[in-house]
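Participant: My structure file input33.txt, compact mmCIF, C-alpha atoms, is below:
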```txt
# COMPACT_ATOMS: atom_id res chain seq x y z
CA MET A 1 -111.31 43.85 -82.90
CA ASP A 2 -111.83 43.73 -86.65
CA ASN A 3 -108.71 41.77 -87.39
CA TYR A 4 -108.89 39.34 -84.48
CA ASP A 5 -108.07 36.01 -86.04
CA LYS A 6 -109.17 32.99 -84.06
CA MET A 7 -107.53 30.45 -86.32
CA PHE A 8 -104.04 29.25 -85.48
CA LYS A 9 -101.82 27.57 -88.01
CA LEU A 10 -100.40 24.50 -86.28
CA SER A 11 -98.56 23.24 -89.32
CA GLU A 12 -98.66 23.44 -93.10
CA LYS A 13 -101.94 21.54 -93.27
CA ILE A 14 -103.53 21.85 -89.84
CA LEU A 15 -105.63 24.74 -88.50
CA LEU A 16 -106.87 25.15 -84.94
CA LEU A 17 -109.90 27.34 -84.32
CA CYS A 18 -109.97 28.40 -80.68
CA VAL A 19 -112.81 30.28 -78.94
CA GLY A 20 -113.75 30.85 -75.33
CA GLU A 21 -112.36 32.72 -72.35
CA ALA A 22 -110.36 35.81 -73.27
CA GLY A 23 -106.67 35.13 -72.87
CA ASP A 24 -107.10 31.38 -72.44
CA THR A 25 -107.72 31.06 -76.16
CA VAL A 26 -104.48 32.63 -77.35
CA GLN A 27 -102.35 31.21 -74.54
CA PHE A 28 -103.53 27.66 -75.07
CA ALA A 29 -103.54 27.76 -78.86
CA GLU A 30 -100.04 29.28 -79.12
CA TYR A 31 -98.71 26.71 -76.66
CA ILE A 32 -100.11 23.88 -78.79
CA GLN A 33 -98.83 25.57 -81.94
CA LYS A 34 -95.24 25.77 -80.68
CA ASN A 35 -95.29 22.19 -79.41
CA VAL A 36 -96.47 20.94 -82.78
CA GLN A 37 -93.58 22.84 -84.38
CA LEU A 38 -91.15 21.35 -81.87
CA TYR A 39 -92.31 17.88 -82.88
CA LYS A 40 -91.51 18.76 -86.47
CA MET A 41 -87.97 19.89 -85.54
CA ARG A 42 -87.29 16.86 -83.39
CA ASN A 43 -88.59 14.23 -85.78
CA GLY A 44 -88.22 15.74 -89.22
CA TYR A 45 -91.88 15.45 -90.17
CA GLU A 46 -95.13 17.05 -89.09
CA LEU A 47 -97.77 15.60 -86.77
CA SER A 48 -100.84 14.17 -88.44
CA PRO A 49 -104.18 15.91 -87.73
CA ALA A 50 -105.32 12.95 -85.63
CA ALA A 51 -102.15 13.01 -83.56
CA ALA A 52 -102.31 16.78 -83.15
CA ALA A 53 -105.97 16.58 -82.07
CA ASN A 54 -105.23 13.91 -79.49
CA PHE A 55 -102.22 15.83 -78.22
CA THR A 56 -104.37 18.94 -77.83
CA ARG A 57 -107.09 17.01 -76.06
CA LYS A 58 -104.60 15.46 -73.66
CA ASN A 59 -103.27 18.87 -72.72
CA LEU A 60 -106.78 20.19 -72.20
CA ALA A 61 -107.66 17.19 -70.06
CA ASP A 62 -104.51 17.50 -67.95
CA TYR A 63 -105.19 21.15 -67.24
CA LEU A 64 -108.88 20.52 -66.56
CA ARG A 65 -108.27 19.04 -63.14
CA SER A 66 -105.54 21.47 -62.19
CA ARG A 67 -105.89 24.83 -60.52
CA THR A 68 -105.71 26.51 -63.92
CA PRO A 69 -108.09 24.92 -66.42
CA TYR A 70 -108.40 26.42 -69.89
CA HIS A 71 -111.94 27.41 -70.82
CA VAL A 72 -111.67 27.02 -74.60
CA ASN A 73 -113.70 25.32 -77.31
CA LEU A 74 -111.82 24.09 -80.33
CA LEU A 75 -112.20 22.93 -83.89
CA LEU A 76 -109.16 21.29 -85.46
CA ALA A 77 -109.10 20.81 -89.22
CA GLY A 78 -106.37 19.17 -91.18
CA TYR A 79 -105.35 17.30 -94.28
CA GLU A 80 -103.15 14.25 -94.43
CA GLU A 81 -101.90 12.31 -97.44
CA ALA A 82 -102.92 8.96 -96.02
CA ASP A 83 -106.34 9.71 -94.54
CA GLY A 84 -107.43 12.79 -96.47
CA PRO A 85 -109.20 15.71 -94.79
CA SER A 86 -110.48 15.45 -91.21
CA LEU A 87 -112.29 17.65 -88.69
CA TYR A 88 -112.15 17.30 -84.91
CA TYR A 89 -114.51 18.86 -82.39
CA MET A 90 -113.18 19.56 -78.89
CA ASP A 91 -114.77 21.35 -76.00
CA TYR A 92 -113.56 22.81 -72.73
CA LEU A 93 -114.19 19.54 -70.88
CA ALA A 94 -111.65 17.86 -73.17
CA ALA A 95 -114.18 15.88 -75.16
CA LEU A 96 -112.88 14.91 -78.58
CA ALA A 97 -114.95 13.79 -81.53
CA LYS A 98 -114.08 13.34 -85.17
CA ALA A 99 -116.98 14.80 -87.09
CA PRO A 100 -118.04 15.48 -90.69
CA PHE A 101 -119.20 18.98 -89.64
CA ALA A 102 -119.13 20.90 -86.38
CA ALA A 103 -119.86 24.26 -84.77
CA HIS A 104 -119.40 26.08 -81.46
CA GLY A 105 -121.33 28.95 -79.92
CA TYR A 106 -124.80 30.34 -80.60
CA GLY A 107 -124.22 29.78 -84.29
CA ALA A 108 -124.25 26.06 -83.63
CA PHE A 109 -127.96 26.12 -82.78
CA LEU A 110 -128.73 27.28 -86.28
CA THR A 111 -126.03 25.80 -88.45
CA LEU A 112 -126.04 22.26 -87.16
CA SER A 113 -129.57 21.71 -88.40
CA ILE A 114 -128.70 23.11 -91.82
CA LEU A 115 -125.65 20.89 -91.97
CA ASP A 116 -127.64 17.89 -90.83
CA ARG A 117 -130.10 18.47 -93.65
CA TYR A 118 -127.75 19.20 -96.53
CA TYR A 119 -124.44 17.52 -95.72
CA ARG A 120 -123.30 14.59 -97.83
CA PRO A 121 -119.97 12.76 -97.41
CA ASP A 122 -119.18 13.17 -101.11
CA LEU A 123 -119.52 16.94 -101.42
CA SER A 124 -117.32 18.61 -103.98
CA ARG A 125 -115.33 21.73 -103.08
CA ASP A 126 -117.94 24.07 -104.60
CA GLU A 127 -120.84 22.24 -102.99
CA ALA A 128 -119.09 22.46 -99.63
CA MET A 129 -118.55 26.21 -100.11
CA ASP A 130 -122.25 26.64 -100.93
CA LEU A 131 -123.20 24.74 -97.80
CA LEU A 132 -120.91 26.94 -95.74
CA LYS A 133 -122.46 30.03 -97.31
CA LYS A 134 -125.92 28.75 -96.36
CA CYS A 135 -124.76 28.44 -92.75
CA LEU A 136 -123.21 31.91 -92.70
CA GLU A 137 -126.33 33.47 -94.22
CA GLU A 138 -128.43 31.82 -91.56
CA SER A 139 -126.23 33.15 -88.77
CA LEU A 140 -126.24 36.59 -90.36
CA PHE A 141 -130.01 36.47 -90.60
CA PHE A 142 -130.32 35.42 -86.99
CA LEU A 143 -128.01 38.17 -85.82
CA THR A 144 -129.76 40.81 -87.94
CA ALA A 145 -133.09 39.76 -86.48
CA PHE A 146 -131.64 39.78 -82.99
CA LEU A 147 -130.18 43.25 -83.42
CA SER A 148 -133.43 44.56 -84.89
CA VAL A 149 -135.29 43.37 -81.83
CA LEU A 150 -132.75 45.08 -79.62
CA ARG A 151 -133.02 48.29 -81.59
CA LEU A 152 -136.76 48.06 -81.27
CA LEU A 153 -136.41 47.84 -77.55
CA GLN A 154 -134.09 50.86 -77.66
CA LEU A 155 -131.27 48.81 -76.27
CA ASN A 156 -128.85 49.51 -79.08
CA LYS A 157 -127.32 52.59 -77.55
CA ARG A 158 -124.93 50.65 -75.41
CA PHE A 159 -124.96 47.29 -77.11
CA ILE A 160 -121.58 46.54 -78.61
CA LEU A 161 -122.44 43.56 -80.74
CA ASN A 162 -121.53 44.27 -84.33
CA LEU A 163 -122.54 42.41 -87.43
CA PRO A 164 -119.77 39.95 -88.05
CA SER A 165 -117.53 39.51 -91.02
CA PHE A 166 -116.42 36.01 -91.76
CA ASN A 167 -112.90 34.66 -92.14
CA VAL A 168 -112.94 31.61 -94.35
CA ARG A 169 -110.04 29.24 -94.81
CA LEU A 170 -109.82 26.08 -96.83
CA ILE A 171 -107.42 23.16 -96.36
CA ASP A 172 -106.63 20.71 -99.11
CA LYS A 173 -103.70 18.68 -100.36
CA ASP A 174 -101.90 21.90 -101.27
CA GLY A 175 -102.15 23.39 -97.79
CA ILE A 176 -104.09 26.22 -96.23
CA HIS A 177 -105.85 28.75 -98.46
CA ASP A 178 -107.21 32.08 -97.28
CA LEU A 179 -110.45 32.85 -99.09
CA GLU A 180 -111.82 36.32 -99.70
CA ARG A 181 -114.66 37.50 -97.49
CA VAL A 182 -117.53 35.27 -98.49
CA PRO A 183 -120.17 37.50 -100.10
CA LEU A 184 -123.58 36.84 -98.57
CA GLY A 185 -126.92 37.56 -100.18
CA GLN A 186 -129.36 39.84 -98.37
CA LYS A 187 -132.29 38.02 -96.85
CA ALA A 188 -135.69 39.70 -96.72
CA ALA A 189 -136.14 40.89 -93.15
CA MET B 1 -48.50 17.29 -62.47
CA ALA B 2 -51.74 17.25 -64.37
CA ALA B 3 -52.79 14.06 -62.65
CA ARG B 4 -53.88 15.76 -59.48
CA TYR B 5 -55.85 18.54 -61.17
CA ASP B 6 -57.76 16.79 -63.87
CA ARG B 7 -60.10 14.63 -61.86
CA ALA B 8 -62.80 17.02 -60.84
CA ILE B 9 -64.00 19.50 -63.39
CA THR B 10 -64.28 22.30 -60.89
CA VAL B 11 -60.61 22.38 -60.02
CA PHE B 12 -58.12 24.77 -61.57
CA SER B 13 -54.56 23.61 -62.02
CA PRO B 14 -51.77 25.82 -60.60
CA ASP B 15 -50.97 27.16 -64.05
CA GLY B 16 -54.53 28.16 -64.69
CA HIS B 17 -55.86 25.27 -66.77
CA LEU B 18 -59.17 23.50 -66.55
CA PHE B 19 -57.92 20.16 -67.67
CA GLN B 20 -61.27 18.50 -68.14
CA VAL B 21 -62.29 21.19 -70.59
CA GLU B 22 -59.04 20.79 -72.48
CA TYR B 23 -59.49 17.04 -72.61
CA ALA B 24 -62.98 17.64 -73.98
CA GLN B 25 -61.42 19.78 -76.70
CA GLU B 26 -59.08 16.90 -77.45
CA ALA B 27 -62.08 14.63 -77.84
CA VAL B 28 -63.51 17.07 -80.36
CA LYS B 29 -60.29 16.94 -82.37
CA LYS B 30 -60.86 13.23 -82.86
CA GLY B 31 -64.22 13.73 -84.50
CA SER B 32 -64.90 13.96 -88.21
CA THR B 33 -64.24 17.30 -89.88
CA ALA B 34 -66.97 19.87 -90.42
CA VAL B 35 -66.62 23.03 -92.54
CA GLY B 36 -68.91 26.04 -92.61
CA VAL B 37 -68.86 28.94 -95.08
CA ARG B 38 -70.99 32.05 -94.84
CA GLY B 39 -71.88 33.52 -98.21
CA LYS B 40 -73.88 36.61 -99.09
CA ASN B 41 -77.18 34.85 -99.70
CA ILE B 42 -76.42 31.33 -98.67
CA VAL B 43 -74.77 29.41 -95.85
CA ALA B 44 -73.11 26.10 -96.59
CA LEU B 45 -72.09 23.36 -94.18
CA GLY B 46 -70.05 20.34 -95.15
CA VAL B 47 -69.30 17.35 -92.95
CA GLU B 48 -66.98 14.44 -93.54
CA LYS B 49 -68.98 11.28 -93.72
CA LYS B 50 -66.94 8.56 -92.15
CA SER B 51 -67.34 5.28 -93.96
CA VAL B 52 -69.98 3.30 -92.16
CA ALA B 53 -69.97 -0.38 -91.46
CA LYS B 54 -71.42 -2.49 -94.26
CA LEU B 55 -74.52 -3.51 -92.38
CA GLN B 56 -75.18 -0.03 -91.00
CA ASP B 57 -77.89 2.18 -92.47
CA ASP B 58 -76.03 5.39 -93.19
CA ARG B 59 -79.17 7.51 -93.15
CA THR B 60 -79.26 7.16 -89.38
CA VAL B 61 -75.92 8.87 -88.96
CA ARG B 62 -77.04 12.47 -89.13
CA LYS B 63 -74.45 15.08 -88.22
CA ILE B 64 -76.30 18.08 -89.56
CA CYS B 65 -79.37 18.92 -87.52
CA VAL B 66 -82.13 21.44 -87.99
CA LEU B 67 -82.81 23.51 -84.88
CA ASP B 68 -85.57 25.67 -86.34
CA ASP B 69 -86.80 26.83 -89.73
CA ASN B 70 -83.98 29.39 -89.98
CA VAL B 71 -81.15 27.73 -88.06
CA PHE B 72 -79.15 24.52 -88.27
CA MET B 73 -75.95 23.14 -86.79
CA ALA B 74 -73.30 20.52 -87.34
CA PHE B 75 -70.91 18.90 -84.96
CA PRO B 76 -67.95 16.60 -85.53
CA CYS B 77 -68.52 13.32 -83.89
CA LEU B 78 -67.17 9.87 -83.50
CA ILE B 79 -69.54 7.23 -84.62
CA SER B 80 -68.81 4.36 -82.40
CA ARG B 81 -67.11 5.92 -79.39
CA SER B 82 -67.43 7.56 -76.00
CA GLY B 83 -70.94 8.98 -76.27
CA LEU B 84 -70.11 12.31 -77.89
CA THR B 85 -72.89 12.03 -80.44
CA ALA B 86 -75.10 11.41 -77.45
CA ASP B 87 -73.84 14.66 -75.91
CA ALA B 88 -74.82 16.45 -79.07
CA ARG B 89 -78.32 15.00 -78.97
CA ILE B 90 -78.88 16.52 -75.53
CA VAL B 91 -77.65 19.95 -76.61
CA ILE B 92 -79.69 19.85 -79.80
CA ASN B 93 -82.85 18.90 -77.96
CA ARG B 94 -82.44 21.75 -75.46
CA ALA B 95 -81.73 24.16 -78.34
CA ARG B 96 -84.84 23.05 -80.25
CA VAL B 97 -87.06 23.59 -77.24
CA GLU B 98 -85.46 26.99 -76.67
CA CYS B 99 -86.14 28.01 -80.29
CA GLN B 100 -89.86 27.32 -79.88
CA SER B 101 -89.96 28.82 -76.42
CA HIS B 102 -88.43 32.01 -77.80
CA ARG B 103 -91.05 32.11 -80.56
CA LEU B 104 -93.79 31.65 -77.98
CA THR B 105 -92.69 34.42 -75.66
CA VAL B 106 -91.45 37.10 -78.08
CA GLU B 107 -93.26 36.04 -81.30
CA ASP B 108 -90.02 36.20 -83.28
CA PRO B 109 -87.68 33.47 -84.45
CA VAL B 110 -84.35 33.27 -82.63
CA THR B 111 -81.37 35.11 -84.01
CA ILE B 112 -78.39 32.87 -84.63
CA GLU B 113 -76.43 34.75 -82.00
CA TYR B 114 -79.13 34.20 -79.39
CA ILE B 115 -79.30 30.45 -79.86
CA THR B 116 -75.50 30.23 -79.97
CA ARG B 117 -75.32 32.15 -76.72
CA PHE B 118 -77.89 29.79 -75.24
CA ILE B 119 -75.95 26.69 -76.28
CA SER B 120 -72.68 28.18 -75.03
CA SER B 121 -74.22 29.09 -71.67
CA LEU B 122 -75.46 25.54 -71.38
CA LYS B 123 -71.99 24.19 -72.09
CA GLN B 124 -70.38 26.63 -69.67
CA LYS B 125 -72.72 25.55 -66.87
CA TYR B 126 -71.33 22.07 -67.20
CA THR B 127 -67.78 23.35 -66.76
CA GLN B 128 -68.69 24.75 -63.38
CA SER B 129 -70.95 22.09 -61.92
CA ASN B 130 -70.23 19.51 -59.37
CA GLY B 131 -70.10 15.95 -60.55
CA ARG B 132 -70.74 16.68 -64.22
CA ARG B 133 -68.38 16.59 -67.15
CA PRO B 134 -68.32 19.06 -70.03
CA PHE B 135 -70.09 18.32 -73.32
CA GLY B 136 -67.56 16.80 -75.69
CA ILE B 137 -68.71 18.69 -78.73
CA SER B 138 -67.88 21.78 -80.70
CA ALA B 139 -70.60 23.01 -82.99
CA LEU B 140 -70.93 25.12 -86.09
CA ILE B 141 -74.25 26.95 -85.95
CA MET B 142 -75.49 28.62 -89.10
CA GLY B 143 -78.53 30.25 -90.51
CA PHE B 144 -80.29 33.53 -91.23
CA ASP B 145 -81.58 36.09 -88.77
CA PHE B 146 -85.08 37.33 -89.45
CA ASP B 147 -83.66 40.48 -91.03
CA GLY B 148 -82.02 38.28 -93.66
CA THR B 149 -78.40 38.46 -92.48
CA PRO B 150 -76.53 35.16 -92.82
CA ARG B 151 -74.52 34.07 -89.79
CA LEU B 152 -72.00 31.43 -88.81
CA TYR B 153 -70.98 30.82 -85.21
CA GLN B 154 -68.72 28.28 -83.60
CA THR B 155 -68.92 27.00 -80.02
CA ASP B 156 -66.52 24.78 -78.11
CA PRO B 157 -66.70 22.68 -74.93
CA SER B 158 -65.53 25.54 -72.74
CA GLY B 159 -68.62 27.55 -73.60
CA THR B 160 -66.98 30.28 -75.67
CA TYR B 161 -68.41 31.27 -79.03
CA HIS B 162 -67.27 33.40 -81.93
CA ALA B 163 -68.68 34.52 -85.24
CA TRP B 164 -66.84 33.46 -88.37
CA LYS B 165 -66.90 34.02 -92.10
CA ALA B 166 -65.70 30.47 -92.59
CA ASN B 167 -64.43 27.89 -90.16
CA ALA B 168 -63.72 24.23 -89.61
CA ILE B 169 -63.86 21.96 -86.58
CA GLY B 170 -62.87 18.39 -85.86
CA ARG B 171 -60.00 16.39 -87.19
CA SER B 172 -57.47 18.37 -89.25
CA ALA B 173 -59.42 21.52 -88.54
CA LYS B 174 -56.18 23.48 -88.52
CA THR B 175 -55.30 22.43 -92.07
CA VAL B 176 -58.73 23.27 -93.34
CA ARG B 177 -58.80 26.62 -91.57
CA GLU B 178 -55.45 27.57 -93.11
CA PHE B 179 -56.81 26.61 -96.53
CA LEU B 180 -59.86 28.78 -95.93
CA GLU B 181 -57.73 31.70 -94.78
CA LYS B 182 -55.71 31.49 -97.98
CA ASN B 183 -58.62 31.01 -100.32
CA TYR B 184 -61.57 32.92 -98.86
CA LYS B 185 -62.36 35.80 -101.21
CA GLU B 186 -65.28 38.18 -100.72
CA GLU B 187 -66.21 38.06 -104.44
CA ASP B 188 -66.31 34.28 -104.42
CA VAL B 189 -68.91 34.02 -101.70
CA GLU B 190 -71.20 36.57 -103.32
CA SER B 191 -72.54 33.75 -105.46
CA ASP B 192 -74.23 30.63 -104.14
CA SER B 193 -72.10 28.28 -106.21
CA GLY B 194 -68.91 30.05 -105.14
CA THR B 195 -69.76 29.53 -101.48
CA ILE B 196 -70.55 25.85 -101.99
CA LYS B 197 -67.40 25.32 -104.01
CA LEU B 198 -65.21 26.89 -101.35
CA GLY B 199 -66.70 24.64 -98.69
CA VAL B 200 -66.25 21.50 -100.77
CA ARG B 201 -62.70 22.44 -101.78
CA ALA B 202 -61.79 22.97 -98.14
CA LEU B 203 -63.26 19.64 -97.13
CA LEU B 204 -61.56 17.81 -100.00
CA GLU B 205 -58.21 18.86 -98.55
CA VAL B 206 -58.62 16.42 -95.71
CA VAL B 207 -61.23 13.91 -96.77
CA GLN B 208 -60.00 10.78 -98.43
CA SER B 209 -61.64 9.47 -101.59
CA GLY B 210 -63.46 12.63 -102.58
CA GLY B 211 -67.16 13.33 -102.98
CA LYS B 212 -68.47 10.04 -101.68
CA ASN B 213 -67.52 10.89 -98.13
CA ILE B 214 -68.94 14.40 -98.02
CA GLU B 215 -72.34 15.40 -96.66
CA LEU B 216 -73.33 18.92 -97.67
CA ALA B 217 -76.19 21.07 -96.47
CA ILE B 218 -77.11 24.53 -97.69
CA MET B 219 -79.63 27.09 -96.61
CA LYS B 220 -80.66 30.00 -98.80
CA ARG B 221 -82.42 33.02 -97.39
CA ASP B 222 -86.13 32.31 -96.70
CA GLU B 223 -85.80 28.72 -97.83
CA PRO B 224 -85.68 25.57 -95.73
CA LEU B 225 -82.53 23.54 -95.27
CA LYS B 226 -81.51 21.50 -98.28
CA ILE B 227 -79.22 18.50 -98.06
CA LEU B 228 -77.45 17.94 -101.36
CA SER B 229 -77.81 14.57 -103.01
CA ALA B 230 -74.81 12.47 -103.95
CA GLU B 231 -75.16 13.47 -107.61
CA GLU B 232 -75.18 17.17 -106.81
CA ILE B 233 -72.05 16.79 -104.70
CA GLU B 234 -70.38 14.83 -107.47
CA ALA B 235 -71.21 17.66 -109.87
CA VAL B 236 -69.52 20.20 -107.60
CA VAL B 237 -66.49 17.95 -107.10
CA SER B 238 -66.00 17.43 -110.83
CA ASP B 239 -66.36 21.19 -111.37
CA ILE B 240 -63.59 21.75 -108.86
CA GLU B 241 -61.35 19.16 -110.45
CA LYS B 242 -61.86 20.72 -113.88
CA GLU B 243 -60.91 24.13 -112.50
CA LYS B 244 -57.83 22.62 -110.88
CA GLU B 245 -56.71 21.07 -114.17
CA GLU B 246 -57.26 24.31 -116.04
CA SER B 247 -55.27 26.36 -113.55
CA GLU B 248 -52.45 23.81 -113.65
CA LYS B 249 -52.40 23.92 -117.45
CA LYS B 250 -52.20 27.69 -117.29
CA LYS B 251 -49.32 27.50 -114.85
CA LYS B 252 -47.38 25.18 -117.14
CA SER B 253 -47.84 27.35 -120.23
```
In structure tokens, what does this structure look like?
Facilitator:
Amino acid sequence: MDNYDKMFKLSEKILLLCVGEAGDTVQFAEYIQKNVQLYKMRNGYELSPAAAANFTRKNLADYLRSRTPYHVNLLLAGYEEADGPSLYYMDYLAALAKAPFAAHGYGAFLTLSILDRYYRPDLSRDEAMDLLKKCLEESLFFLTAFLSVLRLLQLNKRFILNLPSFNVRLIDKDGIHDLERVPLGQKAA
Amino acid sequence: MAARYDRAITVFSPDGHLFQVEYAQEAVKKGSTAVGVRGKNIVALGVEKKSVAKLQDDRTVRKICVLDDNVFMAFPCLISRSGLTADARIVINRARVECQSHRLTVEDPVTIEYITRFISSLKQKYTQSNGRRPFGISALIMGFDFDGTPRLYQTDPSGTYHAWKANAIGRSAKTVREFLEKNYKEEDVESDSGTIKLGVRALLEVVQSGGKNIELAIMKRDEPLKILSAEEIEAVVSDIEKEKEESEKKKKS
């Protein structure tokens, strides 16, 4: 599971991060991915991030009240010439919100407060990377503490949770950039 | 004789013809010429651009269409007639969806042969259906397979398809094909410029008034489709004319 990549490239400047029910994630994300590509072939230009986000949400909403709903939580990030960078938060109930920062999962409990405290709309690229690092360190710290407790309680023998490594990608006017594993400082336990 | 056997598509004539299909092929022969040449590292497609009405925006008359990142096609069509361009739109739309569907299910881009087979099967279905007429288009489908091999295929209204090194469809296709048969040389198409030149020379045989009425698209391996600008086409045309003059001078001396 080391190389399981949850980010799907919808187009040259749009990434979809898809987490949730096993199977649903890949099925739904690949379906959206191919439909976004089809739009590009039919019309000669790519969907904007806003349009792609709304298209995704509509699909999620349509399936929600069918016999086969998709249990997936999504983050859609994209860059557009006209509107600049944008981030969209979507959940399995087909809620859609444009947000300056967002998170899903247990990590959200920790990172949202950090982001609330330190986020500014005018962050530079390096400042944004630092903020992201802060969030990742916090999650790492939380998970280390959690695992230590488990080990203490002798539960680690069958516990399969591993310390995570982080995939980081950056989108700007030049497209999607894969960044090296973000090095995280060790926190005192 | 033909009158009784050409109404319904599903009826054979006593001498074994499907007249509706043959009439569809006649319709194709009325369309503007299209030429395709398969080179070693490049595929080139040239289409005759019929002069448009003064008030018409000629960017909206697109005869070369992208089906996917590695595949494109051209079809000869009449601009203001009988709905044949409309036929092509339907086929192209189905082909585009099929390209993405293929990527979704097998995680690989289509091979040119696969999508040609798909389009041909679609056309064939319409030669055997009740109440429907065949698609009035032939198509040149070109591109690169994911192993890097360049391909050129041609389909016609009956649903047959063949692979070609170079071919032409539409009006005066026969003349152009004979020119290509005489002048296609393996060494020429090894180079990108040689392939483009051959295509343009073939098209110039039948197009009046030279470079202005030619639309040229090329695709190099691993690169997206490129439609040549008017200046680039003019450059190729003047190159060709220079070569013609030089060879004629040589002949005289």
Participant: Using all atoms listed in the file and a cut-off of 9 Å, which residues of chain A sit close to chain B? Please list them as a PyMOL selection string.
Facilitator: chain A and resi 30-31+33-35+37-38+41-42+44
Participant: Can you pull out every residue within 7 Å of segment 90-103 of chain A, counting only C-alpha atoms, but drop anything in the same chain fewer than 6 positions away, and send it as a PyMOL selection string?
Facilitator: chain A and resi 57+60-61+64+70-75+112
Participant: Between atom CA of Val237 of chain B and atom CA of Gly46 of chain B, what is the distance, to one decimal in Å?
Facilitator: 12.7 Å
Participant: Using atom CA of Thr155 of chain B and atom CA of Asp87 of chain B as the two end points, give the distance in Å to one decimal.
Facilitator: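 Computing the Euclidean distance for atom CA of Thr155 of chain B and atom CA of Asp87 of chain B yields 13.9 Å.
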Participant: Give me the residues within 8 Å of Ile227 of chain B as a list in words, counting only C-alpha atoms and dropping any in the same chain fewer than 6 places off.
Facilitator: Glu215, Leu216, Ala217 and Ile218 of chain B
Participant: Please enclose the listed atoms of segment 181-188 of chain B in an axis-aligned box, pad each side by 4 Å, and write out the centre and the three edge lengths in Å, rounded to one decimal, as lines of an AutoDock Vina configuration file.
Facilitator:
```
center_x = -61.0
center_y = 34.6
center_z = -99.6
size_x = 18.6
size_y = 15.2
size_z = 17.7
```
Participant: Starting from the point (-69.1, 24.3, -104.5), work out which residues of protein, DNA or RNA have an atom no more than 9 Å away when counting all atoms listed in the file; state them as a VMD selection string.
Facilitator: chain B and resid 192 to 201 233 235 to 237 239 to 240
Participant: Find the residues near segment 107-111 of chain A: any atom within 7 Å, counting all atoms listed in the file, skip ones fewer than 3 places away on the same chain, and give them as an MDAnalysis selection string.
Facilitator: chainID A and resid 103:104 114:115 135 138:139
Participant: Restricting the calculation to all atoms listed in the file: of A:Ala52, A:Leu47, A:Asp122, A:Lys173, which residue gets closest to Glu81 of chain A?
Facilitator: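 For Glu81 of chain A, the nearest of the given residues is A:Lys173.
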Participant: With only C-alpha atoms as the counted atoms, please give the residues lying no more than 10 Å from Pro134 of chain B, apart from itself and same-chain residues fewer than 6 positions off, as a ChimeraX atom specification.
Facilitator: /B:9,20-25,87,122-128,157-159
Participant: Suppose you want the space between atom CA of Lys40 of chain B and atom CA of Ser121 of chain B; what is it in Å?
Facilitator: 28.4 Å
Participant: Between A:Tyr106, A:Phe166, A:Phe28, A:Tyr118, single out the one closest to Tyr63 of chain A, counting only C-alpha atoms.
Facilitator: A:Phe28
Participant: Could you give me, as a list in words, the residues within 8 Å of Ala168 of chain B, counting all atoms listed in the file and dropping anything in the same chain fewer than 5 positions from it?
Facilitator: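 The neighbour list is Thr33, Ala34, Val35, Gly36, Ala173, Lys174, Val176 and Arg177 of chain B.
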Participant: Write out, as an mmCIF file, in the coordinates of the input, the residues just selected, with C-alpha atoms.
Facilitator:
```
data_model
loop_
_atom_site.group_PDB
_atom_site.id
_atom_site.type_symbol
_atom_site.label_atom_id
_atom_site.label_comp_id
_atom_site.auth_asym_id
_atom_site.auth_seq_id
_atom_site.Cartn_x
_atom_site.Cartn_y
_atom_site.Cartn_z
ATOM 1 C CA THR B 33 -64.240 17.300 -89.880
ATOM 2 C CA ALA B 34 -66.970 19.870 -90.420
ATOM 3 C CA VAL B 35 -66.620 23.030 -92.540
ATOM 4 C CA GLY B 36 -68.910 26.040 -92.610
ATOM 5 C CA ALA B 173 -59.420 21.520 -88.540
ATOM 6 C CA LYS B 174 -56.180 23.480 -88.520
ATOM 7 C CA VAL B 176 -58.730 23.270 -93.340
ATOM 8 C CA ARG B 177 -58.800 26.620 -91.570
#
```
